[in-house]
>>> print(open('protein-v1.txt').read())   # compact mmCIF, C-alpha atoms
# COMPACT_ATOMS: atom_id res chain seq x y z
CA MET A 1073 13.26 18.29 -23.97
CA GLU A 1074 11.01 17.78 -20.95
CA THR A 1075 9.30 14.39 -20.68
CA VAL A 1076 5.63 13.93 -19.92
CA GLU A 1077 6.51 12.49 -16.49
CA ARG A 1078 8.63 15.52 -15.62
CA THR A 1079 5.80 17.83 -16.63
CA LEU A 1080 3.36 15.88 -14.49
CA GLU A 1081 5.86 15.73 -11.65
CA GLN A 1082 6.44 19.48 -11.86
CA ARG A 1083 2.71 20.20 -11.99
CA LEU A 1084 2.11 18.26 -8.75
CA ALA A 1085 5.14 19.84 -7.08
CA ASP A 1086 3.87 23.30 -8.06
CA ASP A 1087 0.35 22.48 -6.82
CA GLY A 1088 1.69 21.43 -3.44
CA ARG A 1089 3.99 24.43 -3.19
CA ASP A 1090 1.19 26.85 -4.15
CA PHE A 1091 -1.08 25.44 -1.47
CA ILE A 1092 1.67 25.56 1.15
CA GLU A 1093 2.37 29.22 0.28
CA VAL A 1094 -1.27 30.18 0.84
CA ALA A 1095 -1.54 28.18 4.07
CA THR A 1096 1.75 29.43 5.47
CA ALA A 1097 0.67 33.05 5.00
CA LEU A 1098 -2.38 32.48 7.21
CA THR A 1099 -2.40 32.90 10.95
CA ASP A 1100 -3.19 29.76 12.95
CA ASP A 1101 -6.70 31.12 13.57
CA GLN A 1102 -7.28 31.86 9.87
CA PHE A 1103 -5.88 28.43 8.96
CA LYS A 1104 -8.42 26.61 11.17
CA GLN A 1105 -11.36 29.00 10.65
CA ASN A 1106 -14.34 27.66 8.70
CA VAL A 1107 -15.05 29.73 5.63
CA ASP A 1108 -18.69 30.39 4.69
CA GLY A 1109 -19.84 27.43 6.77
CA LYS A 1110 -17.54 25.09 4.84
CA TRP A 1111 -14.18 23.53 5.54
CA SER A 1112 -11.25 25.51 6.87
CA VAL A 1113 -7.99 25.66 4.94
CA ALA A 1114 -6.66 23.06 7.40
CA GLU A 1115 -9.58 20.74 6.63
CA VAL A 1116 -9.16 21.24 2.88
CA MET A 1117 -5.50 20.30 3.17
CA GLN A 1118 -6.41 17.19 5.15
CA HIS A 1119 -9.02 16.31 2.52
CA LEU A 1120 -6.43 16.65 -0.26
CA TYR A 1121 -3.98 14.58 1.77
CA LEU A 1122 -6.59 11.85 2.33
CA SER A 1123 -7.43 11.89 -1.39
CA ALA A 1124 -3.83 11.66 -2.59
CA ARG A 1125 -2.54 9.20 0.03
CA PRO A 1126 -4.11 6.04 -1.53
CA VAL A 1127 -2.66 7.00 -4.91
CA ALA A 1128 0.79 7.51 -3.38
CA ARG A 1129 0.56 4.17 -1.57
CA LEU A 1130 -0.44 2.37 -4.74
CA MET A 1131 2.29 4.03 -6.79
CA THR A 1132 4.99 3.10 -4.29
CA GLY A 1133 3.76 -0.46 -3.75
CA PRO A 1134 3.86 -3.57 -5.89
CA ARG A 1135 2.42 -3.22 -9.39
CA GLU A 1136 0.60 -6.56 -9.00
CA VAL A 1137 -2.06 -4.78 -6.89
CA PHE A 1138 -3.31 -3.12 -10.07
CA GLU A 1139 -4.26 -6.47 -11.60
CA GLN A 1140 -7.55 -6.37 -9.69
CA TRP A 1141 -8.71 -3.40 -11.79
CA GLY A 1142 -7.47 -4.63 -15.16
CA LYS A 1143 -5.80 -2.61 -17.86
CA THR A 1144 -7.11 -0.06 -20.28
CA ASP A 1145 -6.34 0.07 -23.99
CA ALA A 1146 -7.74 3.58 -24.34
CA SER A 1147 -5.45 6.53 -24.81
CA PRO A 1148 -5.29 8.51 -21.58
CA LYS A 1149 -7.46 11.58 -21.36
CA ARG A 1150 -5.64 14.87 -21.37
CA TYR A 1151 -5.37 17.08 -18.28
CA ASP A 1152 -8.01 19.49 -19.61
CA ASP A 1153 -10.37 16.58 -20.32
CA ILE A 1154 -10.05 15.34 -16.74
CA ALA A 1155 -10.67 18.90 -15.47
CA LYS A 1156 -13.87 19.22 -17.51
CA TRP A 1157 -15.04 15.73 -16.54
CA TYR A 1158 -14.49 16.50 -12.85
CA GLN A 1159 -16.37 19.81 -13.04
CA THR A 1160 -19.31 18.07 -14.69
CA ALA A 1161 -19.27 15.29 -12.08
CA LEU A 1162 -19.22 17.86 -9.26
CA LYS A 1163 -22.53 19.23 -10.45
CA ASN A 1164 -24.11 15.86 -9.67
CA ARG A 1165 -22.27 15.21 -6.41
CA ASN A 1166 -20.56 18.04 -4.59
CA GLN A 1167 -19.60 16.15 -1.45
CA ALA A 1168 -16.46 14.21 -0.70
CA PRO A 1169 -16.73 10.55 0.29
CA SER A 1170 -16.51 10.14 4.07
CA ALA A 1171 -13.17 8.35 3.79
CA MET A 1172 -11.76 11.46 2.12
CA SER A 1173 -13.32 13.92 4.58
CA PRO A 1174 -11.33 15.28 7.50
CA ARG A 1175 -12.34 13.95 10.90
CA PRO A 1176 -12.28 16.14 14.02
CA ASP A 1177 -9.39 14.06 15.39
CA ASP A 1178 -7.34 14.86 12.28
CA MET A 1179 -7.59 18.55 13.13
CA GLN A 1180 -6.36 18.26 16.73
CA VAL A 1181 -2.76 18.79 15.62
CA ASP A 1182 -0.56 21.81 15.01
CA LYS A 1183 -0.58 23.61 11.69
CA ALA A 1184 2.96 22.37 11.02
CA VAL A 1185 1.78 18.74 11.20
CA ILE A 1186 -1.00 19.35 8.67
CA LEU A 1187 1.41 21.16 6.33
CA GLU A 1188 3.95 18.32 6.65
CA ARG A 1189 1.34 15.61 5.95
CA PHE A 1190 0.15 17.47 2.90
CA MET A 1191 3.59 18.19 1.46
CA SER A 1192 4.81 14.68 2.22
CA VAL A 1193 2.13 12.99 0.12
CA TYR A 1194 2.76 15.34 -2.83
CA GLN A 1195 6.48 14.72 -2.56
CA THR A 1196 5.88 10.96 -2.50
CA LEU A 1197 3.82 11.22 -5.69
CA CYS A 1198 6.50 13.31 -7.39
CA GLU A 1199 9.22 10.85 -6.42
CA ALA A 1200 7.16 7.88 -7.59
CA ILE A 1201 6.38 9.19 -11.08
CA PRO A 1202 9.85 8.60 -12.57
CA THR A 1203 9.73 4.95 -11.44
CA TRP A 1204 6.78 4.33 -13.78
CA SER A 1205 7.02 3.73 -17.52
CA ASP A 1206 4.69 5.54 -19.92
CA ASN A 1207 3.02 2.20 -20.63
CA GLU A 1208 2.33 1.59 -16.92
CA LEU A 1209 1.05 5.14 -16.39
CA ASN A 1210 -1.29 4.79 -19.36
CA SER A 1211 -2.52 1.21 -18.97
CA LEU A 1212 -2.75 0.45 -15.25
CA GLN A 1213 -5.93 1.67 -13.59
CA ILE A 1214 -7.08 2.97 -10.22
CA PRO A 1215 -10.72 3.32 -9.15
CA HIS A 1216 -11.86 6.87 -8.41
CA PRO A 1217 -14.97 7.19 -6.19
CA LEU A 1218 -16.66 9.68 -8.52
CA LEU A 1219 -15.07 9.19 -11.95
CA GLY A 1220 -14.70 5.41 -12.05
CA LEU A 1221 -11.58 3.66 -13.34
CA LEU A 1222 -8.79 6.04 -14.34
CA SER A 1223 -5.36 5.24 -15.67
CA VAL A 1224 -2.59 6.09 -13.22
CA ARG A 1225 -1.70 9.08 -15.42
CA GLU A 1226 -5.33 10.25 -15.37
CA MET A 1227 -5.45 9.83 -11.58
CA LEU A 1228 -2.35 12.00 -11.28
CA TYR A 1229 -3.98 14.57 -13.55
CA PHE A 1230 -7.05 14.37 -11.33
CA THR A 1231 -4.90 14.95 -8.23
CA SER A 1232 -3.62 18.16 -9.80
CA VAL A 1233 -7.09 19.23 -11.01
CA HIS A 1234 -8.51 18.51 -7.56
CA THR A 1235 -5.78 20.53 -5.85
CA GLN A 1236 -6.30 23.45 -8.24
CA HIS A 1237 -10.07 23.26 -7.67
CA HIS A 1238 -9.62 23.68 -3.92
CA LEU A 1239 -6.88 26.28 -4.33
CA ARG A 1240 -9.27 28.46 -6.34
CA LEU A 1241 -11.88 28.14 -3.57
CA LEU A 1242 -9.53 29.34 -0.82
CA PRO A 1243 -10.46 32.64 0.77
CA VAL A 1244 -8.38 35.71 0.23
CA LEU A 1245 -8.12 36.87 3.83
>>> encode(input="protein-v1.txt", output="C-alpha cells")
Amino acid sequence: METVERTLEQRLADDGRDFIEVATALTDDQFKQNVDGKWSVAEVMQHLYLSARPVARLMTGPREVFEQWGKTDASPKRYDDIAKWYQTALKNRNQAPSAMSPRPDDMQVDKAVILERFMSVYQTLCEAIPTWSDNELNSLQIPHPLLGLLSVREMLYFTSVHTQHHLRLLPVL
C-alpha cells in the first residue's frame, strides 16, 4: 500500500520530470524565447524554482522555525481543493510576487544551469517529505503570499498545482 507521503513525493517528482522533458525538447532559442509577450520557458522554470526554494529550505531546516506561524487543527485541504482555491485566487491577482519573479541576472546562465536549479529543488522536496510525520505535515504551517497560511502538506500540494498550472501554459512549439 502506498502512503500519502509517497504519493505526494511521486507527484512532485513527476511534475519536475514532466517540466524537464518539455524544456529539454526545446532548442536554446525556444527555451529563452518569450511567448505571447509573457515569460519564456526558462523564466517560468526560474519562477517555479524561486517559489519552491523557500519551502525546500523550511522543510530541510529546524522544525522550530514553524513556531512563528503556529499550528492548525483543521484537516488539510485535498489536492483538488487547493487547485480550485488557487484558480479562484488567480482571478483576483494574476501576477507573481517580485521575490518569486525571475530577474534578468537569473537568466544570464546556460539552459543546463536553469534545468539543474529547477530539478534540484524538486528533488530536495521529494527527499524531505519522508522525514516528516503525517502530524507535522498536517499541523505545521507556512505562509503563502496569495493563499495565506497553509499546512506543509497543503503547501506541497500547492507546489504541484502551481507546477501543473505553468506546465499547461507552456507553448507547443
>>> residues_around(input="protein-v1.txt", residues="range 1203-1214 of chain A", least_positions_apart="2", cutoff="9 Å", atoms="only C-alpha atoms", output="ChimeraX atom specification")
/A:1076-1077,1127,1130-1132,1135,1138-1139,1141-1148,1199-1201,1216,1220-1227
>>> closest_residue(input="protein-v1.txt", among="A:Trp1111, A:Tyr1158, A:Phe1103, A:Tyr1121", to="Val1233 in chain A", atoms="all atoms listed in the file")
A:Tyr1158
>>> atom_distance(input="protein-v1.txt", atom1="CA of Ser1232 in chain A", atom2="CA of Pro1134 in chain A")
23.3 Å
>>> closest_residue(input="protein-v1.txt", among="A:Val1094, A:Leu1219, A:Cys1198, A:Ala1161", to="Ala1114 in chain A", atoms="only C-alpha atoms")
A:Val1094
>>> closest_atom_pairs(input="protein-v1.txt", of="range 1085-1140 of chain A", to="range 1184-1187 of chain A", cutoff="9 Å", atoms="all atoms listed in the file", output="Markdown table")
| residue | atom | partner | partner_atom | distance |
| --- | --- | --- | --- | --- |
| A:Ile1092 | CA | A:Leu1187 | CA | 6.8 |
| A:Ala1095 | CA | A:Leu1187 | CA | 7.9 |
| A:Thr1096 | CA | A:Leu1187 | CA | 8.3 |
| A:Ala1114 | CA | A:Ile1186 | CA | 6.9 |
| A:Glu1115 | CA | A:Ile1186 | CA | 8.9 |
| A:Met1117 | CA | A:Ile1186 | CA | 7.2 |
| A:Gln1118 | CA | A:Ile1186 | CA | 6.8 |
| A:Tyr1121 | CA | A:Ile1186 | CA | 8.9 |
>>> atom_distance(input="protein-v1.txt", atom1="CA of Asp1101 in chain A", atom2="CA of Leu1084 in chain A")
27.2 Å
>>> atom_distance(input="protein-v1.txt", atom1="CA of Arg1089 in chain A", atom2="CA of Lys1163 in chain A")
28.0 Å
>>> closest_residue(input="protein-v1.txt", among="A:Phe1230, A:Pro1217, A:Glu1093, A:Ser1112", to="Arg1165 in chain A", atoms="only C-alpha atoms")
A:Pro1217
>>> closest_residue(input="protein-v1.txt", among="A:Lys1104, A:Lys1110, A:Lys1149, A:Arg1129", to="Tyr1229 in chain A", atoms="only C-alpha atoms")
A:Lys1149
>>> closest_residue(input="protein-v1.txt", among="A:His1234, A:Arg1083, A:Lys1183, A:Arg1240", to="Leu1120 in chain A", atoms="all atoms listed in the file")
A:His1234
>>> closest_residue(input="protein-v1.txt", among="A:Gln1140, A:Thr1231, A:Gln1102, A:Ser1123", to="Met1172 in chain A", atoms="only C-alpha atoms")
A:Ser1123
>>> build_atoms(input="protein-v1.txt", residues="range 1142-1172 of chain A", atoms="N, CA and C atoms", output="PDB file, keeping the file's coordinate frame")
ATOM      1  N   GLY A1142      -7.689  -4.442 -13.725  1.00  0.00           N
ATOM      2  CA  GLY A1142      -7.470  -4.630 -15.160  1.00  0.00           C
ATOM      3  C   GLY A1142      -6.675  -3.512 -15.783  1.00  0.00           C
ATOM      4  N   LYS A1143      -6.554  -3.615 -17.099  1.00  0.00           N
ATOM      5  CA  LYS A1143      -5.800  -2.610 -17.860  1.00  0.00           C
ATOM      6  C   LYS A1143      -6.732  -1.944 -18.852  1.00  0.00           C
ATOM      7  N   THR A1144      -6.352  -0.762 -19.254  1.00  0.00           N
ATOM      8  CA  THR A1144      -7.110  -0.060 -20.280  1.00  0.00           C
ATOM      9  C   THR A1144      -6.291  -0.002 -21.562  1.00  0.00           C
ATOM     10  N   ASP A1145      -6.983  -0.083 -22.685  1.00  0.00           N
ATOM     11  CA  ASP A1145      -6.340   0.070 -23.990  1.00  0.00           C
ATOM     12  C   ASP A1145      -6.504   1.500 -24.491  1.00  0.00           C
ATOM     13  N   ALA A1146      -7.423   2.229 -23.871  1.00  0.00           N
ATOM     14  CA  ALA A1146      -7.740   3.580 -24.340  1.00  0.00           C
ATOM     15  C   ALA A1146      -6.571   4.525 -24.120  1.00  0.00           C
ATOM     16  N   SER A1147      -6.443   5.476 -25.013  1.00  0.00           N
ATOM     17  CA  SER A1147      -5.450   6.530 -24.810  1.00  0.00           C
ATOM     18  C   SER A1147      -5.869   7.345 -23.594  1.00  0.00           C
ATOM     19  N   PRO A1148      -4.900   7.750 -22.772  1.00  0.00           N
ATOM     20  CA  PRO A1148      -5.290   8.510 -21.580  1.00  0.00           C
ATOM     21  C   PRO A1148      -5.893   9.858 -21.958  1.00  0.00           C
ATOM     22  N   LYS A1149      -6.870  10.258 -21.163  1.00  0.00           N
ATOM     23  CA  LYS A1149      -7.460  11.580 -21.360  1.00  0.00           C
ATOM     24  C   LYS A1149      -6.414  12.628 -21.021  1.00  0.00           C
ATOM     25  N   ARG A1150      -6.546  13.768 -21.649  1.00  0.00           N
ATOM     26  CA  ARG A1150      -5.640  14.870 -21.370  1.00  0.00           C
ATOM     27  C   ARG A1150      -6.027  15.551 -20.065  1.00  0.00           C
ATOM     28  N   TYR A1151      -5.135  16.338 -19.527  1.00  0.00           N
ATOM     29  CA  TYR A1151      -5.370  17.080 -18.280  1.00  0.00           C
ATOM     30  C   TYR A1151      -6.658  17.885 -18.370  1.00  0.00           C
ATOM     31  N   ASP A1152      -6.818  18.638 -19.456  1.00  0.00           N
ATOM     32  CA  ASP A1152      -8.010  19.490 -19.610  1.00  0.00           C
ATOM     33  C   ASP A1152      -9.288  18.649 -19.677  1.00  0.00           C
ATOM     34  N   ASP A1153      -9.208  17.465 -20.266  1.00  0.00           N
ATOM     35  CA  ASP A1153     -10.370  16.580 -20.320  1.00  0.00           C
ATOM     36  C   ASP A1153     -10.771  16.112 -18.923  1.00  0.00           C
ATOM     37  N   ILE A1154      -9.777  15.759 -18.113  1.00  0.00           N
ATOM     38  CA  ILE A1154     -10.050  15.340 -16.740  1.00  0.00           C
ATOM     39  C   ILE A1154     -10.659  16.505 -15.956  1.00  0.00           C
ATOM     40  N   ALA A1155     -10.148  17.709 -16.168  1.00  0.00           N
ATOM     41  CA  ALA A1155     -10.670  18.900 -15.470  1.00  0.00           C
ATOM     42  C   ALA A1155     -12.142  19.124 -15.828  1.00  0.00           C
ATOM     43  N   LYS A1156     -12.473  19.020 -17.091  1.00  0.00           N
ATOM     44  CA  LYS A1156     -13.870  19.220 -17.510  1.00  0.00           C
ATOM     45  C   LYS A1156     -14.768  18.109 -16.967  1.00  0.00           C
ATOM     46  N   TRP A1157     -14.297  16.889 -17.025  1.00  0.00           N
ATOM     47  CA  TRP A1157     -15.040  15.730 -16.540  1.00  0.00           C
ATOM     48  C   TRP A1157     -15.331  15.880 -15.051  1.00  0.00           C
ATOM     49  N   TYR A1158     -14.334  16.307 -14.292  1.00  0.00           N
ATOM     50  CA  TYR A1158     -14.490  16.500 -12.850  1.00  0.00           C
ATOM     51  C   TYR A1158     -15.508  17.611 -12.557  1.00  0.00           C
ATOM     52  N   GLN A1159     -15.421  18.713 -13.265  1.00  0.00           N
ATOM     53  CA  GLN A1159     -16.370  19.810 -13.040  1.00  0.00           C
ATOM     54  C   GLN A1159     -17.801  19.366 -13.327  1.00  0.00           C
ATOM     55  N   THR A1160     -17.982  18.594 -14.368  1.00  0.00           N
ATOM     56  CA  THR A1160     -19.310  18.070 -14.690  1.00  0.00           C
ATOM     57  C   THR A1160     -19.787  17.119 -13.589  1.00  0.00           C
ATOM     58  N   ALA A1161     -18.910  16.248 -13.133  1.00  0.00           N
ATOM     59  CA  ALA A1161     -19.270  15.290 -12.080  1.00  0.00           C
ATOM     60  C   ALA A1161     -19.616  15.996 -10.773  1.00  0.00           C
ATOM     61  N   LEU A1162     -18.939  17.103 -10.487  1.00  0.00           N
ATOM     62  CA  LEU A1162     -19.220  17.860  -9.260  1.00  0.00           C
ATOM     63  C   LEU A1162     -20.629  18.422  -9.233  1.00  0.00           C
ATOM     64  N   LYS A1163     -21.169  18.699 -10.391  1.00  0.00           N
ATOM     65  CA  LYS A1163     -22.530  19.230 -10.450  1.00  0.00           C
ATOM     66  C   LYS A1163     -23.542  18.207  -9.940  1.00  0.00           C
ATOM     67  N   ASN A1164     -23.225  16.930 -10.107  1.00  0.00           N
ATOM     68  CA  ASN A1164     -24.110  15.860  -9.670  1.00  0.00           C
ATOM     69  C   ASN A1164     -23.851  15.419  -8.232  1.00  0.00           C
ATOM     70  N   ARG A1165     -22.635  15.628  -7.769  1.00  0.00           N
ATOM     71  CA  ARG A1165     -22.270  15.210  -6.410  1.00  0.00           C
ATOM     72  C   ARG A1165     -21.171  16.118  -5.897  1.00  0.00           C
ATOM     73  N   ASN A1166     -21.533  17.061  -5.077  1.00  0.00           N
ATOM     74  CA  ASN A1166     -20.560  18.040  -4.590  1.00  0.00           C
ATOM     75  C   ASN A1166     -20.210  17.778  -3.134  1.00  0.00           C
ATOM     76  N   GLN A1167     -19.970  16.511  -2.813  1.00  0.00           N
ATOM     77  CA  GLN A1167     -19.600  16.150  -1.450  1.00  0.00           C
ATOM     78  C   GLN A1167     -18.564  15.048  -1.503  1.00  0.00           C
ATOM     79  N   ALA A1168     -17.520  15.211  -0.729  1.00  0.00           N
ATOM     80  CA  ALA A1168     -16.460  14.210  -0.700  1.00  0.00           C
ATOM     81  C   ALA A1168     -16.929  12.948   0.010  1.00  0.00           C
ATOM     82  N   PRO A1169     -16.430  11.779  -0.436  1.00  0.00           N
ATOM     83  CA  PRO A1169     -16.730  10.550   0.290  1.00  0.00           C
ATOM     84  C   PRO A1169     -16.230  10.671   1.737  1.00  0.00           C
ATOM     85  N   SER A1170     -16.891  10.007   2.659  1.00  0.00           N
ATOM     86  CA  SER A1170     -16.510  10.140   4.070  1.00  0.00           C
ATOM     87  C   SER A1170     -15.062   9.742   4.330  1.00  0.00           C
ATOM     88  N   ALA A1171     -14.559   8.770   3.602  1.00  0.00           N
ATOM     89  CA  ALA A1171     -13.170   8.350   3.790  1.00  0.00           C
ATOM     90  C   ALA A1171     -12.171   9.431   3.378  1.00  0.00           C
ATOM     91  N   MET A1172     -12.630  10.379   2.583  1.00  0.00           N
ATOM     92  CA  MET A1172     -11.760  11.460   2.120  1.00  0.00           C
ATOM     93  C   MET A1172     -12.083  12.786   2.820  1.00  0.00           C
TER      94      MET A1172
END
